[in-house]
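**Q** Dropping in my_file.pdb, which is PDB, C-alpha atoms:
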ATOM      1  CA  VAL A   1      32.302 -39.654 -75.970
ATOM      2  CA  THR A   2      31.806 -36.171 -77.321
ATOM      3  CA  PRO A   3      35.076 -34.287 -76.959
ATOM      4  CA  VAL A   4      34.899 -30.689 -75.828
ATOM      5  CA  ARG A   5      36.518 -28.283 -78.223
ATOM      6  CA  SER A   6      39.897 -27.036 -77.087
ATOM      7  CA  CYS A   7      39.968 -29.327 -74.044
ATOM      8  CA  LEU A   8      43.396 -30.934 -73.963
ATOM      9  CA  TYR A   9      42.174 -33.819 -71.816
ATOM     10  CA  CYS A  10      39.439 -34.643 -74.291
ATOM     11  CA  GLU A  11      42.031 -34.557 -77.046
ATOM     12  CA  SER A  12      44.295 -36.831 -75.010
ATOM     13  CA  ALA A  13      41.507 -39.282 -74.321
ATOM     14  CA  ALA A  14      40.651 -39.363 -78.001
ATOM     15  CA  GLY A  15      44.268 -40.089 -78.926
ATOM     16  CA  ASP A  16      44.660 -36.779 -80.722
ATOM     17  CA  LEU A  17      47.758 -35.802 -78.782
ATOM     18  CA  PRO A  18      51.079 -37.648 -78.728
ATOM     19  CA  GLN A  19      50.655 -38.970 -75.180
ATOM     20  CA  ALA A  20      52.750 -41.608 -73.491
ATOM     21  CA  VAL A  21      49.782 -43.742 -72.490
ATOM     22  CA  VAL A  22      50.304 -46.199 -69.641
ATOM     23  CA  TYR A  23      46.750 -47.492 -69.181
ATOM     24  CA  GLU A  24      43.357 -47.267 -70.821
ATOM     25  CA  ASP A  25      39.939 -48.820 -70.600
ATOM     26  CA  ARG A  26      36.490 -47.870 -71.785
ATOM     27  CA  GLU A  27      36.067 -45.048 -69.280
ATOM     28  CA  VAL A  28      39.532 -44.012 -68.155
ATOM     29  CA  VAL A  29      42.891 -43.228 -69.711
ATOM     30  CA  ALA A  30      46.221 -42.672 -67.942
ATOM     31  CA  PHE A  31      49.315 -41.091 -69.451
ATOM     32  CA  LEU A  32      52.520 -39.460 -68.311
ATOM     33  CA  ASP A  33      52.381 -35.787 -67.436
ATOM     34  CA  TRP A  34      54.526 -33.808 -69.842
ATOM     35  CA  ARG A  35      56.159 -32.243 -66.831
ATOM     36  CA  GLN A  36      57.531 -35.132 -64.817
ATOM     37  CA  SER A  37      57.585 -33.758 -61.281
ATOM     38  CA  ALA A  38      59.165 -37.118 -60.510
ATOM     39  CA  PRO A  39      59.819 -40.068 -62.839
ATOM     40  CA  GLY A  40      56.539 -41.882 -63.343
ATOM     41  CA  HIS A  41      54.283 -38.861 -62.717
ATOM     42  CA  VAL A  42      50.998 -40.000 -64.285
ATOM     43  CA  LEU A  43      47.659 -38.310 -65.012
ATOM     44  CA  VAL A  44      44.548 -40.460 -64.671
ATOM     45  CA  VAL A  45      41.613 -38.964 -66.563
ATOM     46  CA  PRO A  46      38.018 -39.882 -67.356
ATOM     47  CA  ARG A  47      37.582 -40.090 -71.122
ATOM     48  CA  ARG A  48      34.415 -38.079 -70.992
ATOM     49  CA  HIS A  49      34.583 -34.384 -70.203
ATOM     50  CA  MET A  50      33.425 -34.194 -66.600
ATOM     51  CA  ASP A  51      34.437 -32.303 -63.496
ATOM     52  CA  ALA A  52      34.945 -33.791 -60.035
ATOM     53  CA  ASP A  53      31.390 -33.052 -58.995
ATOM     54  CA  GLU A  54      29.959 -35.101 -61.860
ATOM     55  CA  LEU A  55      32.652 -37.780 -61.731
ATOM     56  CA  PHE A  56      32.371 -38.522 -58.022
ATOM     57  CA  ALA A  57      28.617 -39.050 -58.327
ATOM     58  CA  SER A  58      28.972 -41.424 -61.274
ATOM     59  CA  GLU A  59      30.079 -45.004 -61.841
ATOM     60  CA  THR A  60      33.083 -43.623 -63.670
ATOM     61  CA  GLY A  61      34.438 -42.513 -60.292
ATOM     62  CA  ALA A  62      34.815 -46.140 -59.226
ATOM     63  CA  ALA A  63      36.390 -46.962 -62.593
ATOM     64  CA  LEU A  64      38.879 -44.158 -62.061
ATOM     65  CA  LEU A  65      39.857 -45.478 -58.621
ATOM     66  CA  ARG A  66      40.366 -48.958 -60.030
ATOM     67  CA  ALA A  67      42.577 -47.482 -62.745
ATOM     68  CA  VAL A  68      44.554 -45.461 -60.197
ATOM     69  CA  ARG A  69      45.108 -48.643 -58.225
ATOM     70  CA  GLN A  70      46.380 -50.586 -61.214
ATOM     71  CA  VAL A  71      48.639 -47.791 -62.385
ATOM     72  CA  ALA A  72      49.937 -47.254 -58.846
ATOM     73  CA  ARG A  73      50.846 -50.922 -58.547
ATOM     74  CA  ALA A  74      52.582 -50.786 -61.920
ATOM     75  CA  VAL A  75      54.526 -47.598 -61.180
ATOM     76  CA  ARG A  76      55.612 -49.106 -57.898
ATOM     77  CA  ARG A  77      56.748 -52.291 -59.583
ATOM     78  CA  ALA A  78      58.456 -50.548 -62.494
ATOM     79  CA  LEU A  79      60.154 -47.657 -60.736
ATOM     80  CA  ALA A  80      60.235 -48.546 -57.023
ATOM     81  CA  PRO A  81      59.616 -44.993 -55.816
ATOM     82  CA  ASP A  82      59.711 -44.257 -52.113
ATOM     83  CA  GLY A  83      55.960 -43.835 -51.794
ATOM     84  CA  LEU A  84      53.214 -42.522 -54.060
ATOM     85  CA  GLN A  85      50.866 -39.584 -53.575
ATOM     86  CA  MET A  86      47.797 -38.517 -55.443
ATOM     87  CA  GLY A  87      46.383 -35.053 -55.898
ATOM     88  CA  ALA A  88      43.696 -33.310 -57.891
ATOM     89  CA  ILE A  89      41.684 -30.172 -58.171
ATOM     90  CA  VAL A  90      38.118 -30.718 -56.965
ATOM     91  CA  TYR A  91      36.844 -27.205 -57.615
ATOM     92  CA  PRO A  92      39.085 -24.938 -59.655
ATOM     93  CA  ALA A  93      39.720 -21.444 -58.382
ATOM     94  CA  ALA A  94      37.801 -18.750 -60.168
ATOM     95  CA  GLY A  95      40.782 -17.313 -62.009
ATOM     96  CA  MET A  96      42.808 -20.497 -62.062
ATOM     97  CA  ARG A  97      46.015 -18.703 -62.830
ATOM     98  CA  GLY A  98      49.324 -19.818 -61.449
ATOM     99  CA  SER A  99      48.446 -23.427 -60.879
ATOM    100  CA  GLY A 100      46.117 -24.043 -63.747
ATOM    101  CA  LEU A 101      48.388 -24.860 -66.629
ATOM    102  CA  PRO A 102      47.276 -28.020 -68.385
ATOM    103  CA  HIS A 103      49.553 -31.025 -68.099
ATOM    104  CA  ALA A 104      48.248 -32.773 -71.154
ATOM    105  CA  ALA A 105      50.360 -31.086 -73.785
ATOM    106  CA  PRO A 106      53.873 -29.758 -73.871
ATOM    107  CA  LEU A 107      53.238 -26.423 -75.477
ATOM    108  CA  ALA A 108      50.009 -25.280 -73.902
ATOM    109  CA  GLY A 109      50.195 -21.594 -73.202
ATOM    110  CA  ASP A 110      48.202 -19.283 -71.008
ATOM    111  CA  ASP A 111      45.531 -18.940 -73.624
ATOM    112  CA  GLU A 112      44.721 -22.611 -73.255
ATOM    113  CA  GLU A 113      44.555 -22.457 -69.501
ATOM    114  CA  GLU A 114      41.874 -24.447 -67.745
ATOM    115  CA  THR A 115      38.968 -22.456 -66.483
ATOM    116  CA  ALA A 116      36.771 -22.998 -63.484
ATOM    117  CA  GLU A 117      33.722 -23.192 -65.704
ATOM    118  CA  ASP A 118      34.978 -25.967 -67.891
ATOM    119  CA  HIS A 119      37.162 -28.333 -65.927
ATOM    120  CA  HIS A 120      38.073 -31.834 -67.074
ATOM    121  CA  PHE A 121      39.047 -33.758 -63.947
ATOM    122  CA  HIS A 122      42.582 -35.139 -63.910
ATOM    123  CA  LEU A 123      44.229 -36.941 -61.034
ATOM    124  CA  HIS A 124      47.981 -36.729 -60.503
ATOM    125  CA  LEU A 125      49.686 -39.897 -59.358
ATOM    126  CA  LEU A 126      53.016 -38.699 -58.105
ATOM    127  CA  PRO A 127      55.971 -40.828 -57.009
ATOM    128  CA  ARG A 128      58.256 -39.592 -54.257
ATOM    129  CA  ARG A 129      61.927 -39.590 -55.094
ATOM    130  CA  SER A 130      62.972 -40.137 -51.492
ATOM    131  CA  ALA A 131      61.340 -40.620 -48.111
ATOM    132  CA  GLY A 132      62.466 -37.232 -46.855
ATOM    133  CA  GLU A 133      60.982 -35.418 -49.791
ATOM    134  CA  VAL A 134      57.352 -34.545 -50.328
ATOM    135  CA  ALA A 135      56.280 -34.754 -53.928
ATOM    136  CA  ARG A 136      55.110 -31.451 -55.327
ATOM    137  CA  ILE A 137      53.398 -30.513 -58.547
ATOM    138  CA  PHE A 138      53.302 -26.754 -58.077
ATOM    139  CA  PRO A 139      54.880 -24.431 -58.665
ATOM    140  CA  PHE A 140      55.937 -25.840 -61.995
ATOM    141  CA  GLY A 141      59.679 -26.062 -61.832
ATOM    142  CA  ASP A 142      59.965 -29.016 -64.118
ATOM    143  CA  ALA A 143      60.779 -28.739 -67.763
ATOM    144  CA  VAL A 144      58.804 -30.611 -70.359
ATOM    145  CA  GLU A 145      60.319 -34.063 -70.658
ATOM    146  CA  PRO A 146      61.662 -35.256 -74.040
ATOM    147  CA  ALA A 147      59.196 -37.536 -75.812
ATOM    148  CA  GLU A 148      61.730 -40.367 -75.931
ATOM    149  CA  ARG A 149      62.170 -40.279 -72.166
ATOM    150  CA  LEU A 150      58.380 -40.333 -71.686
ATOM    151  CA  ALA A 151      58.009 -43.227 -74.111
ATOM    152  CA  GLU A 152      60.655 -45.228 -72.260
ATOM    153  CA  LEU A 153      59.023 -44.616 -68.867
ATOM    154  CA  ALA A 154      55.611 -45.507 -70.275
ATOM    155  CA  ARG A 155      56.988 -48.721 -71.742
ATOM    156  CA  ARG A 156      58.330 -49.791 -68.355
ATOM    157  CA  ILE A 157      55.062 -48.985 -66.581
ATOM    158  CA  ARG A 158      52.979 -50.817 -69.187
ATOM    159  CA  ALA A 159      55.240 -53.849 -68.877
ATOM    160  CA  ALA A 160      54.726 -53.767 -65.110
ATOM    161  CA  LEU A 161      50.954 -53.551 -65.609
ATOM    162  CA  VAL A 162      51.066 -56.691 -67.676
ATOM    163  CA  ALA A 163      53.211 -58.397 -65.031
ATOM    164  CA  GLU A 164      50.697 -57.346 -62.347
ATOM    165  CA  ALA A 165      47.827 -58.680 -64.429
ATOM    166  CA  LEU A 166      49.618 -61.985 -64.800
ATOM    167  CA  GLY A 167      49.977 -62.096 -61.028
ATOM    168  CA  GLY A 168      53.731 -62.342 -60.926
ATOM    169  CA  THR A 169      55.592 -61.340 -57.817
ATOM    170  CA  ASP A 170      58.446 -59.365 -59.322
TER
ATOM    171  CA  VAL B   1      34.223 -52.697 -38.100
ATOM    172  CA  THR B   2      37.149 -54.040 -36.109
ATOM    173  CA  PRO B   3      39.337 -51.117 -35.123
ATOM    174  CA  VAL B   4      43.083 -51.586 -35.355
ATOM    175  CA  ARG B   5      44.865 -50.983 -32.084
ATOM    176  CA  SER B   6      46.690 -47.675 -31.921
ATOM    177  CA  CYS B   7      45.352 -46.524 -35.309
ATOM    178  CA  LEU B   8      44.129 -42.969 -34.823
ATOM    179  CA  TYR B   9      41.857 -43.172 -37.864
ATOM    180  CA  CYS B  10      40.152 -46.259 -36.513
ATOM    181  CA  GLU B  11      39.699 -44.451 -33.208
ATOM    182  CA  SER B  12      38.280 -41.433 -35.017
ATOM    183  CA  ALA B  13      35.876 -43.546 -37.015
ATOM    184  CA  ALA B  14      34.726 -45.244 -33.849
ATOM    185  CA  GLY B  15      34.075 -41.883 -32.171
ATOM    186  CA  ASP B  16      36.792 -42.462 -29.600
ATOM    187  CA  LEU B  17      38.529 -39.174 -30.318
ATOM    188  CA  PRO B  18      37.060 -35.687 -29.922
ATOM    189  CA  GLN B  19      36.734 -35.044 -33.646
ATOM    190  CA  ALA B  20      34.857 -32.217 -35.293
ATOM    191  CA  VAL B  21      32.824 -34.478 -37.555
ATOM    192  CA  VAL B  22      31.308 -32.903 -40.656
ATOM    193  CA  TYR B  23      29.876 -35.998 -42.360
ATOM    194  CA  GLU B  24      29.354 -39.682 -41.714
ATOM    195  CA  ASP B  25      27.619 -42.647 -43.223
ATOM    196  CA  ARG B  26      27.909 -46.387 -42.828
ATOM    197  CA  GLU B  27      31.258 -46.630 -44.610
ATOM    198  CA  VAL B  28      32.861 -43.213 -44.458
ATOM    199  CA  VAL B  29      33.481 -40.485 -41.903
ATOM    200  CA  ALA B  30      34.779 -36.959 -42.497
ATOM    201  CA  PHE B  31      36.158 -34.604 -39.869
ATOM    202  CA  LEU B  32      38.310 -31.516 -39.655
ATOM    203  CA  ASP B  33      42.054 -32.023 -39.629
ATOM    204  CA  TRP B  34      43.478 -30.865 -36.308
ATOM    205  CA  ARG B  35      45.951 -28.825 -38.282
ATOM    206  CA  GLN B  36      43.867 -26.560 -40.486
ATOM    207  CA  SER B  37      46.165 -25.866 -43.426
ATOM    208  CA  ALA B  38      43.291 -23.650 -44.532
ATOM    209  CA  PRO B  39      39.877 -23.109 -42.899
ATOM    210  CA  GLY B  40      37.727 -26.095 -43.758
ATOM    211  CA  HIS B  41      40.581 -28.574 -44.233
ATOM    212  CA  VAL B  42      38.770 -31.931 -43.958
ATOM    213  CA  LEU B  43      39.894 -35.555 -43.790
ATOM    214  CA  VAL B  44      37.658 -38.119 -45.472
ATOM    215  CA  VAL B  45      38.316 -41.615 -44.158
ATOM    216  CA  PRO B  46      36.898 -45.115 -44.621
ATOM    217  CA  ARG B  47      35.630 -46.395 -41.286
ATOM    218  CA  ARG B  48      37.314 -49.721 -41.800
ATOM    219  CA  HIS B  49      41.084 -49.946 -41.584
ATOM    220  CA  MET B  50      42.148 -50.234 -45.207
ATOM    221  CA  ASP B  51      44.892 -48.802 -47.360
ATOM    222  CA  ALA B  52      44.466 -47.242 -50.809
ATOM    223  CA  ASP B  53      45.139 -50.518 -52.569
ATOM    224  CA  GLU B  54      42.272 -52.265 -50.789
ATOM    225  CA  LEU B  55      39.978 -49.227 -50.817
ATOM    226  CA  PHE B  56      40.273 -48.484 -54.535
ATOM    227  CA  ALA B  57      39.354 -52.067 -55.403
ATOM    228  CA  SER B  58      36.289 -52.061 -53.130
ATOM    229  CA  GLU B  59      32.808 -50.580 -53.165
ATOM    230  CA  THR B  60      33.898 -48.361 -50.304
ATOM    231  CA  GLY B  61      35.995 -46.422 -52.812
ATOM    232  CA  ALA B  62      32.863 -45.235 -54.583
ATOM    233  CA  ALA B  63      31.279 -44.416 -51.211
ATOM    234  CA  LEU B  64      34.338 -42.344 -50.353
ATOM    235  CA  LEU B  65      34.098 -40.362 -53.602
ATOM    236  CA  ARG B  66      30.426 -39.666 -52.984
ATOM    237  CA  ALA B  67      31.289 -38.432 -49.495
ATOM    238  CA  VAL B  68      34.095 -36.252 -50.842
ATOM    239  CA  ARG B  69      31.631 -34.744 -53.300
ATOM    240  CA  GLN B  70      29.063 -33.931 -50.627
ATOM    241  CA  VAL B  71      31.613 -32.498 -48.245
ATOM    242  CA  ALA B  72      33.213 -30.490 -51.057
ATOM    243  CA  ARG B  73      29.864 -28.963 -51.972
ATOM    244  CA  ALA B  74      29.223 -28.132 -48.326
ATOM    245  CA  VAL B  75      32.652 -26.587 -47.716
ATOM    246  CA  ARG B  76      32.222 -24.524 -50.836
ATOM    247  CA  ARG B  77      28.803 -23.338 -49.729
ATOM    248  CA  ALA B  78      29.811 -22.680 -46.132
ATOM    249  CA  LEU B  79      33.209 -21.080 -46.600
ATOM    250  CA  ALA B  80      33.381 -19.982 -50.242
ATOM    251  CA  PRO B  81      37.063 -20.843 -50.681
ATOM    252  CA  ASP B  82      38.813 -19.984 -53.923
ATOM    253  CA  GLY B  83      38.956 -23.543 -55.152
ATOM    254  CA  LEU B  84      39.344 -26.942 -53.488
ATOM    255  CA  GLN B  85      42.084 -29.530 -53.862
ATOM    256  CA  MET B  86      42.330 -33.091 -52.715
ATOM    257  CA  GLY B  87      45.403 -35.097 -51.836
ATOM    258  CA  ALA B  88      46.282 -38.423 -50.306
ATOM    259  CA  ILE B  89      49.040 -40.917 -49.835
ATOM    260  CA  VAL B  90      48.534 -43.951 -52.064
ATOM    261  CA  TYR B  91      51.619 -45.885 -50.961
ATOM    262  CA  PRO B  92      53.423 -44.584 -47.916
ATOM    263  CA  ALA B  93      57.175 -44.233 -48.067
ATOM    264  CA  ALA B  94      59.093 -46.931 -46.283
ATOM    265  CA  GLY B  95      60.208 -44.775 -43.389
ATOM    266  CA  MET B  96      57.318 -42.342 -43.559
ATOM    267  CA  ARG B  97      59.100 -39.725 -41.542
ATOM    268  CA  GLY B  98      58.692 -36.052 -42.214
ATOM    269  CA  SER B  99      55.297 -36.210 -43.825
ATOM    270  CA  GLY B 100      53.760 -39.036 -41.891
ATOM    271  CA  LEU B 101      52.388 -37.384 -38.791
ATOM    272  CA  PRO B 102      48.787 -38.376 -38.226
ATOM    273  CA  HIS B 103      46.195 -35.662 -38.626
ATOM    274  CA  ALA B 104      43.546 -37.371 -36.564
ATOM    275  CA  ALA B 105      44.602 -36.232 -33.113
ATOM    276  CA  PRO B 106      46.172 -33.079 -31.751
ATOM    277  CA  LEU B 107      48.852 -34.617 -29.608
ATOM    278  CA  ALA B 108      50.093 -37.519 -31.692
ATOM    279  CA  GLY B 109      53.836 -37.772 -31.380
ATOM    280  CA  ASP B 110      56.494 -39.504 -33.402
ATOM    281  CA  ASP B 111      55.861 -42.754 -31.595
ATOM    282  CA  GLU B 112      52.383 -42.879 -33.075
ATOM    283  CA  GLU B 113      53.574 -42.161 -36.571
ATOM    284  CA  GLU B 114      51.919 -44.006 -39.407
ATOM    285  CA  THR B 115      53.934 -46.772 -40.937
ATOM    286  CA  ALA B 116      54.041 -48.037 -44.465
ATOM    287  CA  GLU B 117      52.958 -51.471 -43.300
ATOM    288  CA  ASP B 118      49.803 -50.344 -41.601
ATOM    289  CA  HIS B 119      48.280 -47.412 -43.410
ATOM    290  CA  HIS B 120      44.694 -46.258 -42.923
ATOM    291  CA  PHE B 121      43.795 -44.264 -46.041
ATOM    292  CA  HIS B 122      42.794 -40.647 -45.444
ATOM    293  CA  LEU B 123      42.000 -38.098 -48.105
ATOM    294  CA  HIS B 124      42.684 -34.414 -47.518
ATOM    295  CA  LEU B 125      40.116 -32.007 -48.881
ATOM    296  CA  LEU B 126      41.881 -28.708 -48.837
ATOM    297  CA  PRO B 127      40.408 -25.279 -49.573
ATOM    298  CA  ARG B 128      42.533 -22.623 -51.210
ATOM    299  CA  ARG B 129      42.621 -19.311 -49.448
ATOM    300  CA  SER B 130      43.202 -17.372 -52.629
ATOM    301  CA  ALA B 131      43.542 -18.027 -56.323
ATOM    302  CA  GLY B 132      47.221 -17.168 -56.365
ATOM    303  CA  GLU B 133      48.043 -19.593 -53.627
ATOM    304  CA  VAL B 134      48.408 -23.341 -53.911
ATOM    305  CA  ALA B 135      47.105 -25.219 -50.899
ATOM    306  CA  ARG B 136      49.778 -27.176 -49.114
ATOM    307  CA  ILE B 137      49.636 -29.726 -46.352
ATOM    308  CA  PHE B 138      53.351 -30.284 -45.900
ATOM    309  CA  PRO B 139      55.565 -29.282 -44.329
ATOM    310  CA  PHE B 140      53.387 -28.888 -41.270
ATOM    311  CA  GLY B 141      53.549 -25.240 -40.419
ATOM    312  CA  ASP B 142      50.123 -25.045 -38.953
ATOM    313  CA  ALA B 143      49.466 -25.195 -35.263
ATOM    314  CA  VAL B 144      46.774 -27.418 -33.864
ATOM    315  CA  GLU B 145      43.537 -25.479 -34.012
ATOM    316  CA  PRO B 146      41.573 -24.824 -30.793
ATOM    317  CA  ALA B 147      38.695 -27.254 -30.372
ATOM    318  CA  GLU B 148      36.162 -24.410 -30.246
ATOM    319  CA  ARG B 149      37.330 -23.091 -33.609
ATOM    320  CA  LEU B 150      37.068 -26.593 -35.121
ATOM    321  CA  ALA B 151      33.613 -27.081 -33.661
ATOM    322  CA  GLU B 152      32.433 -23.778 -35.135
ATOM    323  CA  LEU B 153      33.819 -24.611 -38.590
ATOM    324  CA  ALA B 154      32.275 -28.084 -38.438
ATOM    325  CA  ARG B 155      28.918 -26.617 -37.471
ATOM    326  CA  ARG B 156      28.926 -24.345 -40.512
ATOM    327  CA  ILE B 157      29.895 -27.172 -42.858
ATOM    328  CA  ARG B 158      27.257 -29.518 -41.452
ATOM    329  CA  ALA B 159      24.623 -26.804 -41.848
ATOM    330  CA  ALA B 160      25.681 -26.393 -45.475
ATOM    331  CA  LEU B 161      25.428 -30.160 -45.997
ATOM    332  CA  VAL B 162      21.845 -30.051 -44.808
ATOM    333  CA  ALA B 163      21.132 -27.102 -47.071
ATOM    334  CA  GLU B 164      22.659 -29.011 -50.013
ATOM    335  CA  ALA B 165      20.554 -32.050 -49.186
ATOM    336  CA  LEU B 166      17.455 -29.895 -49.151
ATOM    337  CA  GLY B 167      18.405 -28.627 -52.576
ATOM    338  CA  GLY B 168      18.559 -24.960 -51.698
ATOM    339  CA  THR B 169      20.520 -22.595 -53.857
ATOM    340  CA  ASP B 170      22.248 -20.542 -51.206
TER
END
Once you've parsed the file, please lay out its structure as structure tokens.
**A**
Amino acid sequence: VTPVRSCLYCESAAGDLPQAVVYEDREVVAFLDWRQSAPGHVLVVPRRHMDADELFASETGAALLRAVRQVARAVRRALAPDGLQMGAIVYPAAGMRGSGLPHAAPLAGDDEEETAEDHHFHLHLLPRRSAGEVARIFPFGDAVEPAERLAELARRIRAALVAEALGGTD
Amino acid sequence: VTPVRSCLYCESAAGDLPQAVVYEDREVVAFLDWRQSAPGHVLVVPRRHMDADELFASETGAALLRAVRQVARAVRRALAPDGLQMGAIVYPAAGMRGSGLPHAAPLAGDDEEETAEDHHFHLHLLPRRSAGEVARIFPFGDAVEPAERLAELARRIRAALVAEALGGTD
């Protein structure tokens, strides 16, 4: 894996940012979004810098789906949300302002905004707080979550992943 | 493929509904949502009745991503939207009211609502009309599109798919 300079997702995948990681394998890493649109809001990311077009044509796409499945089962077990959605940008807009703030670091400013030319795919796995509500990512209304809160959520989700792997039923 | 009774996505995949199909292969079919949240709003669906949990663990998951990629390239070529998003329900909410109306038929009422127990995965591929806007599916504010308009959009996207397959650059 050759990280791309100034790509927050590459930095996350390399462990260079203080992420609350919930899952990782050779090709994929999943960690809590710094802005928890709902408790358990996770980003699932290919380690290698690739956009949707490259990812969906590669074997890593299947690895990503398997990771999403495992994380989804764990979030469901750990947090019992009322449903789970997923969402992602497939092609970024040209300007990518307004909805393009990176989710991989708490202090990323406009100058570190994603660009259409250099997009590292990241899939949002988003719990619903209640059946009547539809989970939303944008516009960003959610404050950056304290690191301790993220660590606690991640711990619960990782524990649920282990329980899933062991085949338990609760 | 054994269609599930009263599942609109199974009916769509079997060709039993008047869908504006933009892509199909052995495992996956893609057609225009009856409610065009933006022009070119496509549903990508496994032919077989399966939820996200089953799909993401199967080879059909990779087939779905490849289909999403091809359709995304075609929509981009045909309609030049300002970006493309994707979204899907991974686990439906228990009651699934409010955001659970099927998109596969124009006249589906509440009595044909999807249920959490019997969910046929469907991925929304959603163009953005402008960079400033974030594409939304819910709440449903969009009227059912006239069949002629859907057919015309589908024709343009299918033509772009052929052009992509032929490797043209425009």
**Q** When the PyMOL selection byres ((chain A) within 6 of (chain B)) is applied to the file above, which residues end up in the set, as a list in words?
**A**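 On this input, the PyMOL selection byres ((chain A) within 6 of (chain B)) captures Asp53, Phe56, Ala57, Ala62, Leu65, Arg66, Arg69, Asp82, Gly83, Leu84, Gln85, Met86, Gly87, Ala88, Ile89, Val90, Tyr91, Pro92, Ala93 and Ala131 of chain A.
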**Q** Quick check, in Å to one decimal: how far apart do atom CA of A:Leu79 and atom CA of A:Arg26 lie?
**A** 26.1 Å
**Q** Please work out which residues fall within 12 Å of (56.6, -50.5, -69.9), coordinates as given in the file, with all atoms listed in the file counting, and return them as an MDAnalysis selection string.
**A** chainID A and resid 20:23 31:32 40 71 74:75 77:79 149:164
**Q** Report, in Å with one decimal, the straight-line distance from atom CA of A:Ala13 to atom CA of A:Asp51.
**A**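 So the two atoms, atom CA of A:Ala13 and atom CA of A:Asp51, lie 14.7 Å apart.
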**Q** Counting only C-alpha atoms, which residue out of A:His41, A:His119, A:Arg35, A:Arg48 sits closest to A:Ser12?
**A**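 That would be A:Arg48, the residue with the smallest distance to A:Ser12.
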**Q** Compile the contact shell of B:Glu145 as a PyMOL selection string: residues with an atom at most 9 Å away, counting all atoms listed in the file, same-chain residues fewer than 6 positions apart removed.
**A** chain B and resi 33-36+106
**Q** Which residue out of A:His103, A:His49, A:Gly167, A:Leu43 has the minimum interatomic distance to A:His122 when only C-alpha atoms are used?
**A**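 Among the listed residues, A:Leu43 lies closest to A:His122.
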**Q** Written as a list in words, which residues does the PyMOL selection byres ((chain B and resi 14) around 12) give for the file shown?
**A**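 After applying the PyMOL selection byres ((chain B and resi 14) around 12), what remains is Val1, Thr2, Pro3, Val4, Arg5, Cys7, Leu8, Tyr9, Cys10, Glu11, Ser12, Ala13, Gly15, Asp16, Leu17, Pro18, Gln19, Val21, Glu24, Arg26, Glu27, Val28, Val29, Ala30, Val45, Pro46, Arg47, Arg48 and His49 of chain B.
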